$ cat model38.csv   # CSV, C-alpha atoms
chain,number,residue,atom,x,y,z
A,1,MET,CA,34.7,-140.3,104.4
A,2,SER,CA,31.6,-138.1,104.5
A,3,VAL,CA,28.7,-138.9,106.7
A,4,LEU,CA,26.6,-139.8,103.6
A,5,SER,CA,29.3,-142.2,102.3
A,6,VAL,CA,29.6,-144.0,105.6
A,7,LEU,CA,25.8,-144.3,105.9
A,8,THR,CA,25.5,-145.6,102.4
A,9,ALA,CA,28.2,-148.2,102.9
A,10,ALA,CA,26.7,-149.3,106.1
A,11,ILE,CA,23.1,-149.7,104.7
A,12,ALA,CA,23.9,-151.1,101.3
A,13,PRO,CA,24.8,-154.7,102.2
A,14,GLY,CA,21.6,-155.3,104.1
A,15,VAL,CA,19.5,-153.8,101.4
A,16,ALA,CA,21.3,-155.7,98.7
A,17,LEU,CA,21.0,-159.0,100.5
A,18,LEU,CA,17.3,-158.4,101.1
A,19,ALA,CA,16.7,-157.7,97.4
A,20,TYR,CA,18.6,-160.8,96.5
A,21,PHE,CA,16.5,-163.1,98.7
A,22,TYR,CA,13.3,-161.2,97.8
A,23,LEU,CA,13.9,-161.8,94.1
A,24,LYS,CA,14.7,-165.5,94.6
A,25,ASP,CA,11.0,-166.1,95.1
A,26,ARG,CA,10.2,-167.8,91.8
A,27,TYR,CA,6.4,-168.0,91.9
A,28,ASP,CA,4.8,-165.1,93.8
A,29,THR,CA,6.8,-162.3,95.2
A,30,GLU,CA,5.6,-160.9,98.5
A,31,PRO,CA,3.9,-157.4,98.9
A,32,ILE,CA,6.8,-155.0,99.2
A,33,HIS,CA,5.1,-153.0,102.0
A,34,LEU,CA,5.0,-156.2,104.2
A,35,VAL,CA,8.6,-156.9,103.5
A,36,MET,CA,9.6,-153.4,104.4
A,37,LYS,CA,7.4,-153.5,107.5
A,38,LEU,CA,9.3,-156.6,108.8
A,39,PHE,CA,12.6,-154.9,107.9
A,40,LEU,CA,11.6,-151.8,110.0
A,41,PHE,CA,10.6,-154.1,112.9
A,42,GLY,CA,14.1,-155.6,112.7
A,43,VAL,CA,15.6,-152.1,112.8
A,44,LEU,CA,13.5,-151.1,115.8
A,45,LEU,CA,14.4,-154.4,117.5
A,46,VAL,CA,18.0,-153.2,118.0
A,47,PHE,CA,17.0,-150.9,120.9
A,48,PRO,CA,15.3,-153.4,123.2
A,49,VAL,CA,18.0,-155.9,122.4
A,50,MET,CA,20.7,-153.5,123.5
A,51,VAL,CA,18.9,-152.9,126.8
A,52,LEU,CA,18.2,-156.6,127.5
A,53,GLN,CA,21.6,-157.8,126.6
A,54,ARG,CA,23.2,-155.3,129.0
A,55,ALA,CA,20.8,-156.6,131.8
A,56,PHE,CA,21.5,-160.2,130.9
A,57,ALA,CA,25.3,-159.7,130.8
A,58,HIS,CA,25.1,-158.0,134.2
A,59,GLY,CA,23.2,-161.0,135.7
A,60,LEU,CA,24.8,-163.9,133.9
A,61,GLY,CA,28.4,-162.7,133.6
A,62,ASP,CA,30.8,-162.7,130.6
A,63,ASP,CA,31.5,-166.4,130.1
A,64,PRO,CA,32.0,-166.8,126.3
A,65,LEU,CA,29.7,-169.8,126.0
A,66,VAL,CA,26.9,-168.1,128.0
A,67,PHE,CA,27.3,-164.8,126.1
A,68,SER,CA,27.4,-166.4,122.7
A,69,PHE,CA,24.5,-168.8,122.9
A,70,ILE,CA,22.2,-167.0,125.4
A,71,ILE,CA,22.9,-163.3,125.7
A,72,SER,CA,23.7,-162.7,122.0
A,73,ALA,CA,22.3,-165.5,119.8
A,74,GLY,CA,19.5,-166.6,122.1
A,75,LEU,CA,18.1,-163.2,122.8
A,76,GLU,CA,18.5,-161.8,119.2
A,77,GLU,CA,17.2,-164.9,117.4
A,78,PHE,CA,14.2,-165.4,119.8
A,79,LEU,CA,13.0,-161.8,119.4
A,80,LYS,CA,13.4,-161.9,115.6
A,81,TRP,CA,11.5,-165.2,115.5
A,82,PHE,CA,8.8,-163.8,117.8
A,83,ILE,CA,8.2,-160.8,115.5
A,84,VAL,CA,7.9,-163.0,112.4
A,85,TYR,CA,5.6,-165.5,114.2
A,86,ILE,CA,3.3,-162.8,115.7
A,87,VAL,CA,3.2,-160.4,112.7
A,88,ILE,CA,3.2,-162.7,109.6
A,89,TYR,CA,2.9,-166.4,110.4
A,90,GLN,CA,-0.9,-166.4,110.2
A,91,HIS,CA,-1.0,-163.6,107.5
A,92,ALA,CA,-2.8,-164.5,104.2
A,93,SER,CA,0.3,-163.4,102.3
A,94,PHE,CA,2.3,-166.2,103.9
A,95,ASP,CA,0.9,-168.6,101.3
A,96,GLU,CA,4.0,-170.7,100.3
A,97,PRO,CA,7.0,-172.1,102.1
A,98,TYR,CA,9.5,-169.7,100.6
A,99,ASP,CA,7.6,-166.7,102.1
A,100,GLY,CA,9.0,-167.6,105.6
A,101,ILE,CA,12.5,-167.1,104.3
A,102,VAL,CA,11.6,-163.6,102.8
A,103,TYR,CA,10.1,-162.4,106.0
A,104,ALA,CA,12.6,-163.8,108.4
A,105,VAL,CA,15.5,-162.5,106.3
A,106,ALA,CA,13.8,-159.0,106.2
A,107,VAL,CA,13.7,-158.9,110.1
A,108,SER,CA,17.2,-160.2,110.4
A,109,LEU,CA,18.6,-157.7,107.9
A,110,GLY,CA,16.8,-154.8,109.4
A,111,PHE,CA,18.4,-155.7,112.7
A,112,ALA,CA,21.8,-156.2,111.0
A,113,THR,CA,21.6,-152.9,109.1
A,114,LEU,CA,21.1,-150.6,112.0
A,115,GLU,CA,23.7,-152.6,114.0
A,116,ASN,CA,26.1,-151.9,111.1
A,117,VAL,CA,25.2,-148.2,111.0
A,118,PHE,CA,26.0,-147.9,114.8
A,119,TYR,CA,29.3,-149.8,114.2
A,120,ALA,CA,30.3,-147.5,111.3
A,121,PHE,CA,29.7,-144.2,113.2
A,122,LEU,CA,30.9,-145.4,116.7
A,123,ASN,CA,34.2,-146.8,115.3
A,124,SER,CA,34.9,-144.4,112.5
A,125,ALA,CA,34.8,-147.4,110.2
A,126,SER,CA,36.7,-147.5,106.8
A,127,ILE,CA,35.3,-148.9,103.6
A,128,SER,CA,37.4,-152.0,104.0
A,129,SER,CA,36.1,-152.7,107.5
A,130,LEU,CA,32.5,-152.2,106.3
A,131,LEU,CA,33.2,-154.6,103.5
A,132,SER,CA,34.4,-157.2,105.9
A,133,ARG,CA,31.2,-156.7,108.0
A,134,ALA,CA,29.1,-157.1,104.9
A,135,LEU,CA,30.7,-160.5,104.3
A,136,LEU,CA,30.5,-161.6,107.9
A,137,PRO,CA,28.0,-160.2,110.5
A,138,VAL,CA,25.5,-158.8,107.9
A,139,SER,CA,25.7,-161.9,105.8
A,140,GLY,CA,25.6,-164.0,108.9
A,141,HIS,CA,22.3,-162.5,110.0
A,142,ALA,CA,20.9,-163.2,106.5
A,143,MET,CA,21.9,-166.8,106.8
A,144,PHE,CA,20.3,-167.2,110.2
A,145,GLY,CA,17.2,-165.6,108.8
A,146,VAL,CA,17.1,-168.1,105.9
A,147,ILE,CA,17.3,-171.0,108.3
A,148,MET,CA,14.6,-169.6,110.6
A,149,GLY,CA,12.3,-168.8,107.7
A,150,TYR,CA,12.8,-172.2,106.0
A,151,TYR,CA,11.6,-174.0,109.1
A,152,LEU,CA,8.8,-171.6,109.7
A,153,GLY,CA,7.6,-172.3,106.2
A,154,LYS,CA,7.9,-176.1,106.8
A,155,SER,CA,6.0,-175.7,110.0
A,156,LYS,CA,3.1,-173.8,108.4
A,157,PHE,CA,2.7,-176.1,105.4
A,158,THR,CA,3.4,-179.4,107.2
A,159,PRO,CA,0.7,-179.5,109.8
A,160,ASP,CA,1.5,-182.9,111.2
A,161,ARG,CA,5.0,-181.8,112.1
A,162,LYS,CA,4.2,-178.2,113.0
A,163,THR,CA,5.6,-178.3,116.5
A,164,ARG,CA,8.8,-180.0,115.5
A,165,TYR,CA,9.5,-177.5,112.7
A,166,LEU,CA,8.6,-174.5,114.9
A,167,ALA,CA,11.2,-175.7,117.4
A,168,TYR,CA,13.8,-176.1,114.6
A,169,SER,CA,13.0,-172.5,113.4
A,170,ILE,CA,14.3,-171.1,116.6
A,171,LEU,CA,16.8,-173.6,117.8
A,172,PHE,CA,18.9,-173.9,114.6
A,173,PRO,CA,19.4,-170.1,114.2
A,174,ILE,CA,20.4,-169.8,117.8
A,175,PHE,CA,22.9,-172.7,117.4
A,176,TRP,CA,24.6,-171.3,114.3
A,177,HIS,CA,24.5,-167.7,115.5
A,178,GLY,CA,25.9,-168.8,118.9
A,179,LEU,CA,28.7,-170.8,117.2
A,180,TYR,CA,29.5,-167.8,115.0
A,181,ASP,CA,29.9,-165.5,118.1
A,182,TYR,CA,31.7,-168.2,120.1
A,183,ILE,CA,34.4,-168.5,117.4
A,184,LEU,CA,34.9,-164.7,117.4
A,185,LEU,CA,35.2,-164.5,121.2
A,186,THR,CA,37.5,-167.5,121.7
A,187,THR,CA,39.8,-167.5,118.6
A,188,LYS,CA,40.8,-163.8,118.4
A,189,SER,CA,44.1,-164.3,116.5
A,190,TYR,CA,43.1,-167.1,114.1
A,191,TRP,CA,39.4,-166.8,113.8
A,192,VAL,CA,39.5,-166.5,110.1
A,193,TRP,CA,40.5,-170.1,109.7
A,194,PHE,CA,37.2,-171.1,111.4
A,195,MET,CA,35.0,-168.4,110.1
A,196,ILE,CA,35.6,-168.8,106.4
A,197,PRO,CA,34.6,-172.5,106.3
A,198,LEU,CA,31.6,-171.7,108.6
A,199,MET,CA,30.3,-169.0,106.3
A,200,VAL,CA,30.9,-171.1,103.1
A,201,PHE,CA,28.9,-173.9,104.8
A,202,LEU,CA,26.1,-171.6,105.9
A,203,TRP,CA,25.8,-170.0,102.4
A,204,ALA,CA,25.8,-173.4,100.7
A,205,ARG,CA,23.2,-174.7,103.2
A,206,SER,CA,21.1,-171.6,102.9
A,207,LEU,CA,21.0,-171.7,99.1
A,208,LYS,CA,19.9,-175.3,99.2
A,209,LYS,CA,17.1,-174.4,101.5
A,210,VAL,CA,16.1,-171.5,99.2
A,211,ASN,CA,15.8,-174.0,96.3
A,212,ARG,CA,14.1,-176.6,98.4
A,213,ALA,CA,11.5,-174.1,99.7
A,214,ASN,CA,10.8,-172.9,96.2
A,215,SER,CA,10.3,-176.4,95.0
A,216,LYS,CA,7.6,-177.0,97.6
A,217,SER,CA,5.5,-174.0,96.6
A,218,PRO,CA,1.9,-175.0,95.8
A,219,LEU,CA,2.0,-172.2,93.2
A,220,ARG,CA,4.6,-174.2,91.3
A,221,VAL,CA,2.0,-176.9,90.6
A,222,ILE,CA,-0.5,-174.3,89.4
A,223,GLN,CA,1.9,-172.7,87.1
A,224,SER,CA,3.0,-176.0,85.7
A,225,GLU,CA,-0.6,-177.0,85.0
A,226,ASP,CA,-1.2,-173.6,83.2
A,227,GLN,CA,1.8,-174.2,81.0
A,228,VAL,CA,0.5,-177.7,80.1
A,229,LYS,CA,-2.8,-176.2,79.1
A,230,ILE,CA,-1.2,-173.6,76.9
$ encode --input "model38.csv" --output "structure tokens"
Amino acid sequence: MSVLSVLTAAIAPGVALLAYFYLKDRYDTEPIHLVMKLFLFGVLLVFPVMVLQRAFAHGLGDDPLVFSFIISAGLEEFLKWFIVYIVIYQHASFDEPYDGIVYAVAVSLGFATLENVFYAFLNSASISSLLSRALLPVSGHAMFGVIMGYYLGKSKFTPDRKTRYLAYSILFPIFWHGLYDYILLTTKSYWVWFMIPLMVFLWARSLKKVNRANSKSPLRVIQSEDQVKI
């Protein structure tokens, strides 16, 4: 395959998934420049993560449980969460619960996209291998982003439970990401029997959260009132 073909195949899944979740916002789509800014932050995040993971692995060893939940999932999800929280959590454009999903998914897919590009060129990947990565790691990062963003939205718009939902917004993505990695590390010959049910569950759970977040939008009430007046 040509360089352009490989690059396109590596980038396309992340962009397609981001567009999908961006367009799922029923009431007030986010400013595209902010979404792309978060996507770019996710891309840039790959480089410090690579350095930190190597340092952590050197210090903590290669135990599958430690690697999965701390070195891989813990570090990646915490840094993605930190970017969303610092850059966008208090931003005026974050004005409905679903917005948390859009921005967290943008960071997650920025990270996953550059990771996928590196994989494609370092492993001389074929179209079939890139397709499998689109269905698994790239899609997985999107699901972890949905979970993170859902609870960030609940935290911002449920002030009396802010601390609880903030904790959920980091702990749940780490758990599911860690479980994903642990399966791949410990079930090398029959991982597919665990991974397919896990991904189906995560997609079903994420789509429910998408619908639930949209249903809690304050803009939904405003639009309903306008329709009644008309």
$ atom_distance --input "model38.csv" --atom1 "CA of Phe121 (chain A)" --atom2 "CA of Leu136 (chain A)"
18.2 Å
$ residues_around --input "model38.csv" --residues "Leu114 (chain A)" --least-positions-apart "6" --cutoff "9 Å" --atoms "only C-alpha atoms" --output "list in words"
Ala10, Ile11, Gly42, Val43, Leu44 and Val46 of chain A
$ closest_residue --input "model38.csv" --among "A:Leu198, A:Ile183, A:Leu207, A:Val102" --to "Phe67 (chain A)" --atoms "all atoms listed in the file"
A:Ile183
$ closest_residue --input "model38.csv" --among "A:Asp63, A:Asp25, A:Glu76, A:Asp160" --to "Pro173 (chain A)" --atoms "only C-alpha atoms"
A:Glu76
$ atom_distance --input "model38.csv" --atom1 "CA of Val6 (chain A)" --atom2 "CA of Leu109 (chain A)"
17.7 Å
$ atom_distance --input "model38.csv" --atom1 "CA of Trp193 (chain A)" --atom2 "CA of Ile127 (chain A)"
22.7 Å
$ closest_residue --input "model38.csv" --among "A:Val117, A:Met199, A:Leu17, A:Ile101" --to "Asn214 (chain A)" --atoms "only C-alpha atoms"
A:Ile101
$ closest_residue --input "model38.csv" --among "A:Arg54, A:His141, A:His91, A:His33" --to "His177 (chain A)" --atoms "all atoms listed in the file"
A:His141
$ closest_residue --input "model38.csv" --among "A:Ser124, A:Asn116, A:Ser189, A:Ser217" --to "Val15 (chain A)" --atoms "all atoms listed in the file"
A:Asn116
$ closest_residue --input "model38.csv" --among "A:Tyr98, A:Trp191, A:Trp176, A:Phe201" --to "Glu30 (chain A)" --atoms "only C-alpha atoms"
A:Tyr98
$ residues_around --input "model38.csv" --residues "Leu202 (chain A)" --least-positions-apart "4" --cutoff "10 Å" --atoms "all atoms listed in the file" --output "number ranges by chain"
A: 139-140, 142-144, 146-147, 176, 196-198, 206-208
$ residues_around --input "model38.csv" --residues "Ile71 (chain A)" --least-positions-apart "6" --cutoff "7 Å" --atoms "only C-alpha atoms" --output "ChimeraX atom specification"
/A:53,56-57
$ write_last_selection --input "model38.csv" --atoms "C-alpha atoms" --output "tab-separated table (two decimals), in the frame of the given file"
chain	number	residue	atom	x	y	z
A	53	GLN	CA	21.60	-157.80	126.60
A	56	PHE	CA	21.50	-160.20	130.90
A	57	ALA	CA	25.30	-159.70	130.80
$ build_atoms --input "model38.csv" --residues "region 35-60 of chain A" --atoms "N, CA, C and O atoms" --output "PDB file, in the coordinates of the input"
ATOM      1  N   VAL A  35       7.175-156.655 103.387  1.00  0.00           N
ATOM      2  CA  VAL A  35       8.600-156.900 103.500  1.00  0.00           C
ATOM      3  C   VAL A  35       9.298-155.770 104.244  1.00  0.00           C
ATOM      4  O   VAL A  35      10.095-155.957 105.175  1.00  0.00           O
ATOM      5  N   MET A  36       8.985-154.552 103.826  1.00  0.00           N
ATOM      6  CA  MET A  36       9.600-153.400 104.400  1.00  0.00           C
ATOM      7  C   MET A  36       9.117-153.191 105.872  1.00  0.00           C
ATOM      8  O   MET A  36       9.860-152.707 106.739  1.00  0.00           O
ATOM      9  N   LYS A  37       7.883-153.587 106.151  1.00  0.00           N
ATOM     10  CA  LYS A  37       7.400-153.500 107.500  1.00  0.00           C
ATOM     11  C   LYS A  37       8.192-154.434 108.430  1.00  0.00           C
ATOM     12  O   LYS A  37       8.579-154.042 109.536  1.00  0.00           O
ATOM     13  N   LEU A  38       8.466-155.641 107.959  1.00  0.00           N
ATOM     14  CA  LEU A  38       9.300-156.600 108.800  1.00  0.00           C
ATOM     15  C   LEU A  38      10.717-156.068 108.883  1.00  0.00           C
ATOM     16  O   LEU A  38      11.338-156.211 109.943  1.00  0.00           O
ATOM     17  N   PHE A  39      11.237-155.466 107.817  1.00  0.00           N
ATOM     18  CA  PHE A  39      12.600-154.900 107.900  1.00  0.00           C
ATOM     19  C   PHE A  39      12.636-153.785 108.933  1.00  0.00           C
ATOM     20  O   PHE A  39      13.579-153.719 109.730  1.00  0.00           O
ATOM     21  N   LEU A  40      11.615-152.928 108.967  1.00  0.00           N
ATOM     22  CA  LEU A  40      11.600-151.800 110.000  1.00  0.00           C
ATOM     23  C   LEU A  40      11.450-152.403 111.371  1.00  0.00           C
ATOM     24  O   LEU A  40      12.091-151.884 112.295  1.00  0.00           O
ATOM     25  N   PHE A  41      10.665-153.460 111.550  1.00  0.00           N
ATOM     26  CA  PHE A  41      10.600-154.100 112.900  1.00  0.00           C
ATOM     27  C   PHE A  41      11.979-154.577 113.295  1.00  0.00           C
ATOM     28  O   PHE A  41      12.340-154.483 114.472  1.00  0.00           O
ATOM     29  N   GLY A  42      12.731-155.118 112.343  1.00  0.00           N
ATOM     30  CA  GLY A  42      14.100-155.600 112.700  1.00  0.00           C
ATOM     31  C   GLY A  42      14.981-154.414 113.083  1.00  0.00           C
ATOM     32  O   GLY A  42      15.790-154.544 114.009  1.00  0.00           O
ATOM     33  N   VAL A  43      14.832-153.271 112.396  1.00  0.00           N
ATOM     34  CA  VAL A  43      15.600-152.100 112.800  1.00  0.00           C
ATOM     35  C   VAL A  43      15.266-151.658 114.202  1.00  0.00           C
ATOM     36  O   VAL A  43      16.165-151.424 115.032  1.00  0.00           O
ATOM     37  N   LEU A  44      13.976-151.573 114.514  1.00  0.00           N
ATOM     38  CA  LEU A  44      13.500-151.100 115.800  1.00  0.00           C
ATOM     39  C   LEU A  44      13.933-152.117 116.935  1.00  0.00           C
ATOM     40  O   LEU A  44      14.097-151.735 118.102  1.00  0.00           O
ATOM     41  N   LEU A  45      14.092-153.372 116.556  1.00  0.00           N
ATOM     42  CA  LEU A  45      14.400-154.400 117.500  1.00  0.00           C
ATOM     43  C   LEU A  45      15.796-154.183 118.172  1.00  0.00           C
ATOM     44  O   LEU A  45      16.055-154.651 119.283  1.00  0.00           O
ATOM     45  N   VAL A  46      16.665-153.459 117.480  1.00  0.00           N
ATOM     46  CA  VAL A  46      18.000-153.200 118.000  1.00  0.00           C
ATOM     47  C   VAL A  46      17.978-152.580 119.383  1.00  0.00           C
ATOM     48  O   VAL A  46      18.761-152.939 120.278  1.00  0.00           O
ATOM     49  N   PHE A  47      17.053-151.657 119.608  1.00  0.00           N
ATOM     50  CA  PHE A  47      17.000-150.900 120.900  1.00  0.00           C
ATOM     51  C   PHE A  47      16.668-151.734 122.071  1.00  0.00           C
ATOM     52  O   PHE A  47      17.406-151.726 123.069  1.00  0.00           O
ATOM     53  N   PRO A  48      15.574-152.492 122.046  1.00  0.00           N
ATOM     54  CA  PRO A  48      15.300-153.400 123.200  1.00  0.00           C
ATOM     55  C   PRO A  48      16.368-154.433 123.399  1.00  0.00           C
ATOM     56  O   PRO A  48      16.680-154.815 124.533  1.00  0.00           O
ATOM     57  N   VAL A  49      16.944-154.922 122.309  1.00  0.00           N
ATOM     58  CA  VAL A  49      18.000-155.900 122.400  1.00  0.00           C
ATOM     59  C   VAL A  49      19.207-155.370 123.165  1.00  0.00           C
ATOM     60  O   VAL A  49      19.792-156.035 124.027  1.00  0.00           O
ATOM     61  N   MET A  50      19.586-154.144 122.853  1.00  0.00           N
ATOM     62  CA  MET A  50      20.700-153.500 123.500  1.00  0.00           C
ATOM     63  C   MET A  50      20.486-153.436 125.037  1.00  0.00           C
ATOM     64  O   MET A  50      21.374-153.744 125.841  1.00  0.00           O
ATOM     65  N   VAL A  51      19.286-153.037 125.413  1.00  0.00           N
ATOM     66  CA  VAL A  51      18.900-152.900 126.800  1.00  0.00           C
ATOM     67  C   VAL A  51      18.939-154.277 127.509  1.00  0.00           C
ATOM     68  O   VAL A  51      19.527-154.469 128.583  1.00  0.00           O
ATOM     69  N   LEU A  52      18.284-155.240 126.880  1.00  0.00           N
ATOM     70  CA  LEU A  52      18.200-156.600 127.500  1.00  0.00           C
ATOM     71  C   LEU A  52      19.506-157.283 127.552  1.00  0.00           C
ATOM     72  O   LEU A  52      19.796-157.969 128.538  1.00  0.00           O
ATOM     73  N   GLN A  53      20.335-157.109 126.539  1.00  0.00           N
ATOM     74  CA  GLN A  53      21.600-157.800 126.600  1.00  0.00           C
ATOM     75  C   GLN A  53      22.522-157.209 127.687  1.00  0.00           C
ATOM     76  O   GLN A  53      23.252-157.961 128.341  1.00  0.00           O
ATOM     77  N   ARG A  54      22.424-155.917 127.918  1.00  0.00           N
ATOM     78  CA  ARG A  54      23.200-155.300 129.000  1.00  0.00           C
ATOM     79  C   ARG A  54      22.705-155.886 130.361  1.00  0.00           C
ATOM     80  O   ARG A  54      23.513-156.223 131.231  1.00  0.00           O
ATOM     81  N   ALA A  55      21.384-156.017 130.513  1.00  0.00           N
ATOM     82  CA  ALA A  55      20.800-156.600 131.800  1.00  0.00           C
ATOM     83  C   ALA A  55      21.220-158.031 131.931  1.00  0.00           C
ATOM     84  O   ALA A  55      21.602-158.464 133.017  1.00  0.00           O
ATOM     85  N   PHE A  56      21.133-158.795 130.842  1.00  0.00           N
ATOM     86  CA  PHE A  56      21.500-160.200 130.900  1.00  0.00           C
ATOM     87  C   PHE A  56      22.982-160.384 131.224  1.00  0.00           C
ATOM     88  O   PHE A  56      23.371-161.262 132.005  1.00  0.00           O
ATOM     89  N   ALA A  57      23.822-159.559 130.596  1.00  0.00           N
ATOM     90  CA  ALA A  57      25.300-159.700 130.800  1.00  0.00           C
ATOM     91  C   ALA A  57      25.588-159.336 132.293  1.00  0.00           C
ATOM     92  O   ALA A  57      26.464-159.957 132.901  1.00  0.00           O
ATOM     93  N   HIS A  58      24.863-158.379 132.847  1.00  0.00           N
ATOM     94  CA  HIS A  58      25.100-158.000 134.200  1.00  0.00           C
ATOM     95  C   HIS A  58      24.696-159.156 135.175  1.00  0.00           C
ATOM     96  O   HIS A  58      25.365-159.419 136.175  1.00  0.00           O
ATOM     97  N   GLY A  59      23.647-159.875 134.817  1.00  0.00           N
ATOM     98  CA  GLY A  59      23.200-161.000 135.700  1.00  0.00           C
ATOM     99  C   GLY A  59      23.877-162.278 135.451  1.00  0.00           C
ATOM    100  O   GLY A  59      24.074-163.058 136.387  1.00  0.00           O
ATOM    101  N   LEU A  60      24.286-162.558 134.198  1.00  0.00           N
ATOM    102  CA  LEU A  60      24.800-163.900 133.900  1.00  0.00           C
ATOM    103  C   LEU A  60      26.366-163.879 133.731  1.00  0.00           C
ATOM    104  O   LEU A  60      26.963-164.948 133.598  1.00  0.00           O
TER     105      LEU A  60
END
